[in-house]
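One file, query01.cif, carrying mmCIF, C-alpha atoms and all ligand atoms:
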```
data_model
#
loop_
_atom_site.label_atom_id
_atom_site.label_comp_id
_atom_site.auth_asym_id
_atom_site.auth_seq_id
_atom_site.Cartn_x
_atom_site.Cartn_y
_atom_site.Cartn_z
CA MET A 1 -32.34 -22.35 4.63
CA ILE A 2 -29.17 -22.50 2.64
CA LYS A 3 -25.69 -23.65 3.47
CA THR A 4 -22.98 -21.80 1.57
CA LYS A 5 -19.47 -23.07 0.90
CA LYS A 6 -17.41 -23.21 4.06
CA GLN A 7 -14.21 -22.20 2.32
CA GLY A 8 -13.61 -18.47 1.94
CA LEU A 9 -13.51 -16.59 -1.31
CA LEU A 10 -10.20 -15.92 -3.07
CA ILE A 11 -10.11 -12.34 -4.32
CA VAL A 12 -7.38 -11.04 -6.59
CA LEU A 13 -7.05 -7.26 -6.81
CA SER A 14 -4.59 -6.07 -9.37
CA GLY A 15 -3.84 -3.13 -11.57
CA PRO A 16 -0.85 -1.03 -12.56
CA SER A 17 1.63 0.17 -9.97
CA GLY A 18 0.26 3.52 -8.78
CA SER A 19 -3.41 2.69 -9.44
CA GLY A 20 -4.03 2.84 -5.67
CA LYS A 21 -4.51 -0.87 -4.91
CA ASN A 22 -3.19 -0.70 -1.35
CA THR A 23 -5.22 2.37 -0.34
CA VAL A 24 -8.43 0.90 -1.74
CA CYS A 25 -7.72 -2.47 -0.14
CA ASP A 26 -7.05 -0.89 3.30
CA MET A 27 -10.32 1.06 3.13
CA ALA A 28 -12.34 -1.99 2.06
CA LYS A 29 -10.81 -4.13 4.84
CA GLU A 30 -11.94 -1.64 7.48
CA VAL A 31 -15.59 -2.44 6.77
CA MET A 32 -15.14 -6.12 5.87
CA PRO A 33 -13.82 -7.95 8.92
CA ASN A 34 -13.91 -11.37 7.24
CA ILE A 35 -11.18 -10.36 4.79
CA TRP A 36 -7.61 -11.49 5.37
CA GLU A 37 -4.93 -9.85 3.23
CA SER A 38 -2.02 -12.06 2.29
CA VAL A 39 1.50 -10.78 3.04
CA SER A 40 3.66 -11.17 -0.06
CA MET A 41 7.30 -12.12 -0.29
CA THR A 42 9.69 -9.91 -2.24
CA SER A 43 13.36 -9.60 -3.06
CA ARG A 44 12.97 -5.80 -3.26
CA LYS A 45 14.76 -3.82 -0.56
CA PRO A 46 12.46 -2.35 2.11
CA ARG A 47 11.46 1.28 1.62
CA LYS A 48 11.60 3.74 4.49
CA GLY A 49 8.94 2.80 7.05
CA GLU A 50 8.19 -0.65 5.63
CA VAL A 51 8.06 -3.44 8.20
CA ASP A 52 9.18 -7.03 7.56
CA GLY A 53 6.29 -9.47 8.02
CA LYS A 54 3.69 -6.70 7.74
CA ASP A 55 4.27 -4.95 4.41
CA TYR A 56 6.22 -7.84 2.89
CA TYR A 57 8.47 -10.71 3.86
CA PHE A 58 11.75 -9.22 2.65
CA VAL A 59 14.16 -11.91 1.46
CA SER A 60 17.24 -12.18 -0.74
CA GLU A 61 16.95 -13.19 -4.39
CA GLU A 62 18.48 -16.60 -3.54
CA GLU A 63 16.01 -17.21 -0.75
CA PHE A 64 13.12 -16.31 -3.05
CA GLU A 65 14.35 -18.70 -5.74
CA LYS A 66 14.65 -21.46 -3.13
CA ASN A 67 10.99 -20.89 -2.18
CA ILE A 68 9.98 -21.21 -5.85
CA GLU A 69 11.98 -24.44 -6.22
CA ASP A 70 10.39 -25.87 -3.07
CA GLY A 71 6.90 -25.20 -4.50
CA LYS A 72 6.06 -22.77 -1.71
CA MET A 73 4.71 -19.98 -3.92
CA LEU A 74 1.12 -19.87 -5.14
CA GLU A 75 2.26 -17.41 -7.82
CA HIS A 76 5.30 -15.26 -8.42
CA ALA A 77 6.55 -12.70 -10.90
CA LYS A 78 9.52 -10.52 -11.63
CA PHE A 79 8.45 -6.90 -11.61
CA ALA A 80 10.80 -3.94 -12.13
CA GLY A 81 13.79 -6.21 -11.52
CA ASN A 82 12.58 -7.79 -8.27
CA TYR A 83 10.73 -10.96 -7.33
CA TYR A 84 7.25 -10.73 -5.80
CA GLY A 85 5.07 -13.68 -4.82
CA THR A 86 2.32 -15.10 -2.65
CA PRO A 87 3.23 -17.79 -0.10
CA ARG A 88 0.85 -20.71 -0.67
CA GLU A 89 0.48 -22.21 2.81
CA SER A 90 -0.94 -19.23 4.70
CA VAL A 91 -3.48 -18.53 1.95
CA GLN A 92 -4.70 -22.15 2.01
CA LYS A 93 -4.98 -22.07 5.80
CA GLN A 94 -7.11 -18.90 5.83
CA LEU A 95 -9.39 -20.11 3.02
CA ASP A 96 -9.96 -23.39 4.83
CA ALA A 97 -10.82 -21.46 8.00
CA GLY A 98 -13.57 -19.68 6.03
CA LYS A 99 -11.77 -16.34 5.65
CA ASP A 100 -12.02 -14.40 2.40
CA VAL A 101 -8.47 -13.94 1.19
CA LEU A 102 -7.40 -10.83 -0.68
CA LEU A 103 -4.28 -10.83 -2.86
CA VAL A 104 -3.07 -7.39 -3.94
CA ILE A 105 -0.72 -8.28 -6.77
CA GLU A 106 0.48 -7.28 -10.22
CA ILE A 107 -0.87 -8.69 -13.44
CA GLN A 108 1.52 -11.58 -14.33
CA GLY A 109 0.87 -13.17 -10.93
CA ALA A 110 -2.89 -12.61 -11.21
CA LEU A 111 -2.93 -14.42 -14.55
CA GLN A 112 -1.06 -17.40 -13.05
CA ILE A 113 -3.82 -17.65 -10.43
CA LYS A 114 -6.47 -17.41 -13.18
CA GLU A 115 -4.89 -20.47 -14.83
CA LYS A 116 -4.83 -22.48 -11.61
CA ILE A 117 -8.00 -21.23 -9.89
CA PRO A 118 -10.40 -19.78 -12.47
CA GLN A 119 -13.24 -19.66 -9.93
CA ALA A 120 -11.43 -16.95 -7.90
CA LEU A 121 -12.68 -13.35 -8.18
CA PHE A 122 -10.54 -11.09 -10.37
CA VAL A 123 -10.85 -7.32 -9.99
CA PHE A 124 -8.81 -4.81 -11.98
CA LEU A 125 -8.18 -1.32 -10.61
CA LEU A 126 -7.61 1.42 -13.18
CA PRO A 127 -6.36 4.97 -12.63
CA PRO A 128 -8.69 7.68 -13.99
CA SER A 129 -6.07 8.50 -16.66
CA MET A 130 -2.47 7.68 -17.56
CA LYS A 131 -1.55 11.28 -16.75
CA GLU A 132 -2.93 10.82 -13.25
CA LEU A 133 -1.08 7.51 -12.90
CA LYS A 134 2.22 9.24 -13.70
CA ARG A 135 1.41 12.00 -11.22
CA ARG A 136 0.65 9.46 -8.46
CA LEU A 137 3.83 7.49 -9.13
CA ARG A 138 5.88 10.73 -8.97
CA MET A 139 4.17 11.88 -5.78
CA ARG A 140 5.14 8.67 -3.95
CA LYS A 141 8.80 9.63 -4.34
CA THR A 142 9.77 5.98 -3.81
CA GLU A 143 11.42 5.42 -7.19
CA THR A 144 14.20 7.00 -9.24
CA GLU A 145 12.99 8.72 -12.44
CA GLU A 146 14.29 5.77 -14.48
CA LYS A 147 12.48 3.16 -12.36
CA LEU A 148 9.36 5.30 -12.39
CA MET A 149 9.33 5.42 -16.20
CA GLU A 150 9.83 1.63 -16.24
CA ARG A 151 6.73 1.19 -14.05
CA PHE A 152 4.81 3.60 -16.23
CA GLU A 153 5.71 1.73 -19.43
CA THR A 154 4.72 -1.57 -17.79
CA ALA A 155 1.34 -0.05 -16.88
CA TYR A 156 0.53 0.49 -20.57
CA LYS A 157 1.17 -3.19 -21.35
CA GLU A 158 -0.73 -4.38 -18.28
CA ILE A 159 -3.94 -2.58 -19.24
CA ASN A 160 -4.20 -4.88 -22.29
CA GLU A 161 -4.95 -7.76 -19.90
CA LEU A 162 -8.10 -6.09 -18.57
CA PRO A 163 -10.54 -8.37 -20.50
CA LYS A 164 -9.25 -11.39 -18.54
CA TYR A 165 -10.71 -9.98 -15.30
CA ASN A 166 -14.28 -10.25 -13.97
CA TYR A 167 -14.68 -6.66 -12.80
CA VAL A 168 -13.06 -3.27 -13.31
CA ILE A 169 -13.07 -0.28 -10.95
CA VAL A 170 -11.82 3.17 -11.95
CA ASN A 171 -10.08 4.63 -8.95
CA ASP A 172 -10.90 8.29 -9.16
CA LYS A 173 -11.77 8.65 -5.48
CA ALA A 174 -10.37 5.93 -3.21
CA ASP A 175 -13.37 5.77 -0.86
CA GLU A 176 -15.78 5.29 -3.77
CA ALA A 177 -13.52 2.64 -5.31
CA ALA A 178 -13.39 0.83 -1.94
CA ARG A 179 -17.20 0.87 -1.73
CA LYS A 180 -17.38 -0.65 -5.21
CA LEU A 181 -14.93 -3.37 -4.24
CA GLU A 182 -17.02 -4.12 -1.16
CA ALA A 183 -20.18 -4.35 -3.33
CA ILE A 184 -18.47 -6.70 -5.79
CA ILE A 185 -17.27 -9.01 -3.01
CA ASN A 186 -20.70 -9.04 -1.34
CA ALA A 187 -22.41 -9.85 -4.64
CA GLU A 188 -19.93 -12.61 -5.38
CA LYS A 189 -20.65 -14.20 -2.01
CA CYS A 190 -24.35 -14.34 -2.89
CA ARG A 191 -23.79 -16.28 -6.11
CA VAL A 192 -25.94 -19.37 -6.44
CA ASP A 193 -22.91 -21.53 -7.25
CA ARG A 194 -21.55 -20.83 -3.76
CA ILE A 195 -24.54 -22.67 -2.27
CA GLU A 196 -23.73 -26.19 -1.16
CA GLU A 197 -27.16 -27.20 0.06
CA VAL A 198 -30.72 -25.89 0.25
CA PHE A 199 -32.80 -27.29 3.06
CA LEU A 200 -36.29 -26.65 4.37
CA ASP A 201 -37.47 -27.48 7.85
CA THR A 202 -40.93 -28.96 8.25
CA ASP A 203 -42.75 -25.63 8.82
CA GLU A 204 -41.13 -24.13 5.79
CA GLU A 205 -41.97 -27.20 3.73
CA ARG A 206 -45.61 -26.91 4.76
CA LEU A 207 -45.69 -23.22 3.85
CA HIS A 208 -44.08 -24.00 0.52
CA GLU A 209 -46.74 -26.63 -0.22
CA GLU A 210 -49.52 -24.19 0.66
CA LEU A 211 -48.10 -21.62 -1.72
CA VAL A 212 -47.83 -24.17 -4.48
CA ASP A 213 -51.40 -25.31 -3.78
CA LYS A 214 -52.69 -21.78 -4.09
CA ASP A 215 -50.77 -21.49 -7.30
CA LEU A 216 -49.07 -18.38 -6.02
CA VAL A 217 -45.61 -19.58 -6.78
CA ASN A 218 -46.27 -20.59 -10.36
CA GLU A 219 -48.67 -17.84 -11.27
CA PRO A 220 -47.64 -16.41 -14.66
CA LEU A 221 -46.48 -12.82 -14.75
CA ASP A 222 -48.90 -10.47 -16.45
CA LEU A 223 -47.01 -7.38 -17.53
CA LYS A 224 -49.92 -5.63 -19.27
P1 LIG A 301 5.95 -2.33 -4.88
O1 LIG A 301 7.39 -2.49 -5.20
O2 LIG A 301 5.42 -0.98 -5.36
O3 LIG A 301 5.62 -2.61 -3.44
O4 LIG A 301 5.15 -3.44 -5.73
C1 LIG A 301 5.32 -3.56 -7.11
C2 LIG A 301 4.15 -4.35 -7.69
O5 LIG A 301 4.21 -5.70 -7.22
C3 LIG A 301 2.79 -3.79 -7.28
O6 LIG A 301 1.96 -3.77 -8.43
C4 LIG A 301 2.31 -4.80 -6.27
O7 LIG A 301 0.89 -4.88 -6.24
C5 LIG A 301 2.90 -6.07 -6.82
N1 LIG A 301 2.97 -7.16 -5.83
C6 LIG A 301 3.00 -7.09 -4.49
N2 LIG A 301 3.00 -8.31 -3.94
C7 LIG A 301 2.92 -9.19 -4.96
C8 LIG A 301 2.84 -10.63 -5.05
O8 LIG A 301 2.83 -11.37 -4.07
N3 LIG A 301 2.78 -11.16 -6.28
C9 LIG A 301 2.77 -10.42 -7.42
N4 LIG A 301 2.70 -11.05 -8.57
N5 LIG A 301 2.83 -9.07 -7.37
C10 LIG A 301 2.90 -8.47 -6.17
#
```

Re-express the file's structure as structure tokens.
Ligand code: 5GP
Amino acid sequence: MIKTKKQGLLIVLSGPSGSGKNTVCDMAKEVMPNIWESVSMTSRKPRKGEVDGKDYYFVSEEEFEKNIEDGKMLEHAKFAGNYYGTPRESVQKQLDAGKDVLLVIEIQGALQIKEKIPQALFVFLLPPSMKELKRRLRMRKTETEEKLMERFETAYKEINELPKYNYVIVNDKADEAARKLEAIINAEKCRVDRIEEVFLDTDEERLHEELVDKDLVNEPLDLK
């Protein structure tokens, strides 16, 4: 009866480093097969266990800058001294193929996308408290104390951008946060402005006319 937009939905999930974006995203993807997560490019050095082409495309700073110059990045930002960005071409390809594309990125990049594509879906993930955020960052043991404090300070500034997003999820328990993300995406896909066409076949048209004739459709609501 309705034809929805063929292009997929662009979903931007961001929030401070340590808010649990990747865990929540992995859990949501498990139950949402139509989601494709973009692989970012970074000039950061790989951490132990990270795989090139899966976790990130790891490149040198020069190579990253060349990609910016060539207009190949949909967005990019410098975060904690390293470049991070989303390659444009693969995202476009997946959207055109009808896939919902998920970008798990920090705030500066998310705001660049908001400027260019305001109709995308913007979700902000918050930690339950700043104390918990610090604890999570420490537990990861991926940063030196100095770098960790830098990320923590950045988190304070980033939270000020929350009003620019459409939805916020507090990540107390990752599975519950993932369920909320799933609900938000499903609701967004049901929005009336994603409908391209409404059509009725002849039987449905006839039924519609009968309902109108019987005044069932337009009957006023009586809430007494
Ligand atoms: P990490 O070094 O911990 O992997 O990532 C640092 C921050 O960069 C995280 O908040 C992560 O979500 C963000 N990030 C990862 N990929 C991208 C990207 O393509 N663009 C932007 N703007 N941020 C990203």

### Message
To one decimal place in Å, what is the distance between atom CA of Ala177 of chain A and atom CA of Lys29 of chain A?
### Response
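One can read the atom CA of Ala177 of chain A to atom CA of Lys29 of chain A distance as 12.5 Å.
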
### Message
With distances taken over only C-alpha atoms and all ligand atoms, which residue among A:Asn22, A:Asn171, A:Thr144, A:Ser60 lies nearest ligand LIG 301 (chain A)?
### Response
A:Asn22

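Coordinates place atom N4 of ligand LIG 301 (chain A) at a distance of 22.6 Å from atom CA of Pro128 of chain A.
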
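Taking all atoms listed in the file into account, Val101 of chain A lies nearest to A:Glu37 out of the set A:Glu37, A:Asp172, A:Glu196, A:Glu65.
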
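As for atom CA of Ala110 of chain A and atom C9 of ligand LIG 301 (chain A), they are spaced 7.2 Å apart.
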
### Message
Using all atoms listed in the file for the distances, tell me which of A:Arg44, A:Lys173, A:Arg138, A:Lys54 is nearest to ligand LIG 301 (chain A).
### Response
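Among the listed residues, the smallest separation from ligand LIG 301 (chain A) belongs to A:Arg44.
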
### Message
as a count of residues only, please: the residues near segment 157-163 of chain A (cut-off 12 Å, only C-alpha atoms, same-chain neighbours under 3 positions excluded).
### Response
32

### Query
Which one is closest to Ile195 of chain A: A:Gln7, A:Ala80, A:Leu137, A:Tyr57? Count all atoms listed in the file.
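Counting all atoms listed in the file, the residue closest to Ile195 of chain A is A:Gln7.
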
### Query
Which one is closest to Val59 of chain A: A:Leu103, A:Met41, A:Ile184, A:Cys25? Count all atoms listed in the file.
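Among A:Leu103, A:Met41, A:Ile184, A:Cys25, it is A:Met41 that comes nearest to Val59 of chain A.
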
### Query
Which is closest to Asp26 of chain A among A:Lys134, A:Arg194, A:Arg179, A:Lys3, if we use only C-alpha atoms?
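The answer is A:Arg179, which sits nearest to Asp26 of chain A.
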
Can you tell me, as lines of an AutoDock Vina configuration file, the centre and edge lengths (Å, one decimal) of the axis-aligned box enclosing all of ligand LIG 301 (chain A)'s listed atoms after padding each side by 8 Å?
```
center_x = 4.1
center_y = -6.2
center_z = -6.0
size_x = 22.5
size_y = 26.4
size_z = 21.1
```

### Exercise: Asp55 of chain A partners within 9 Å, all atoms listed in the file, chain neighbours under 6 positions left out, as a PyMOL selection string
chain A and resi 39-40+46
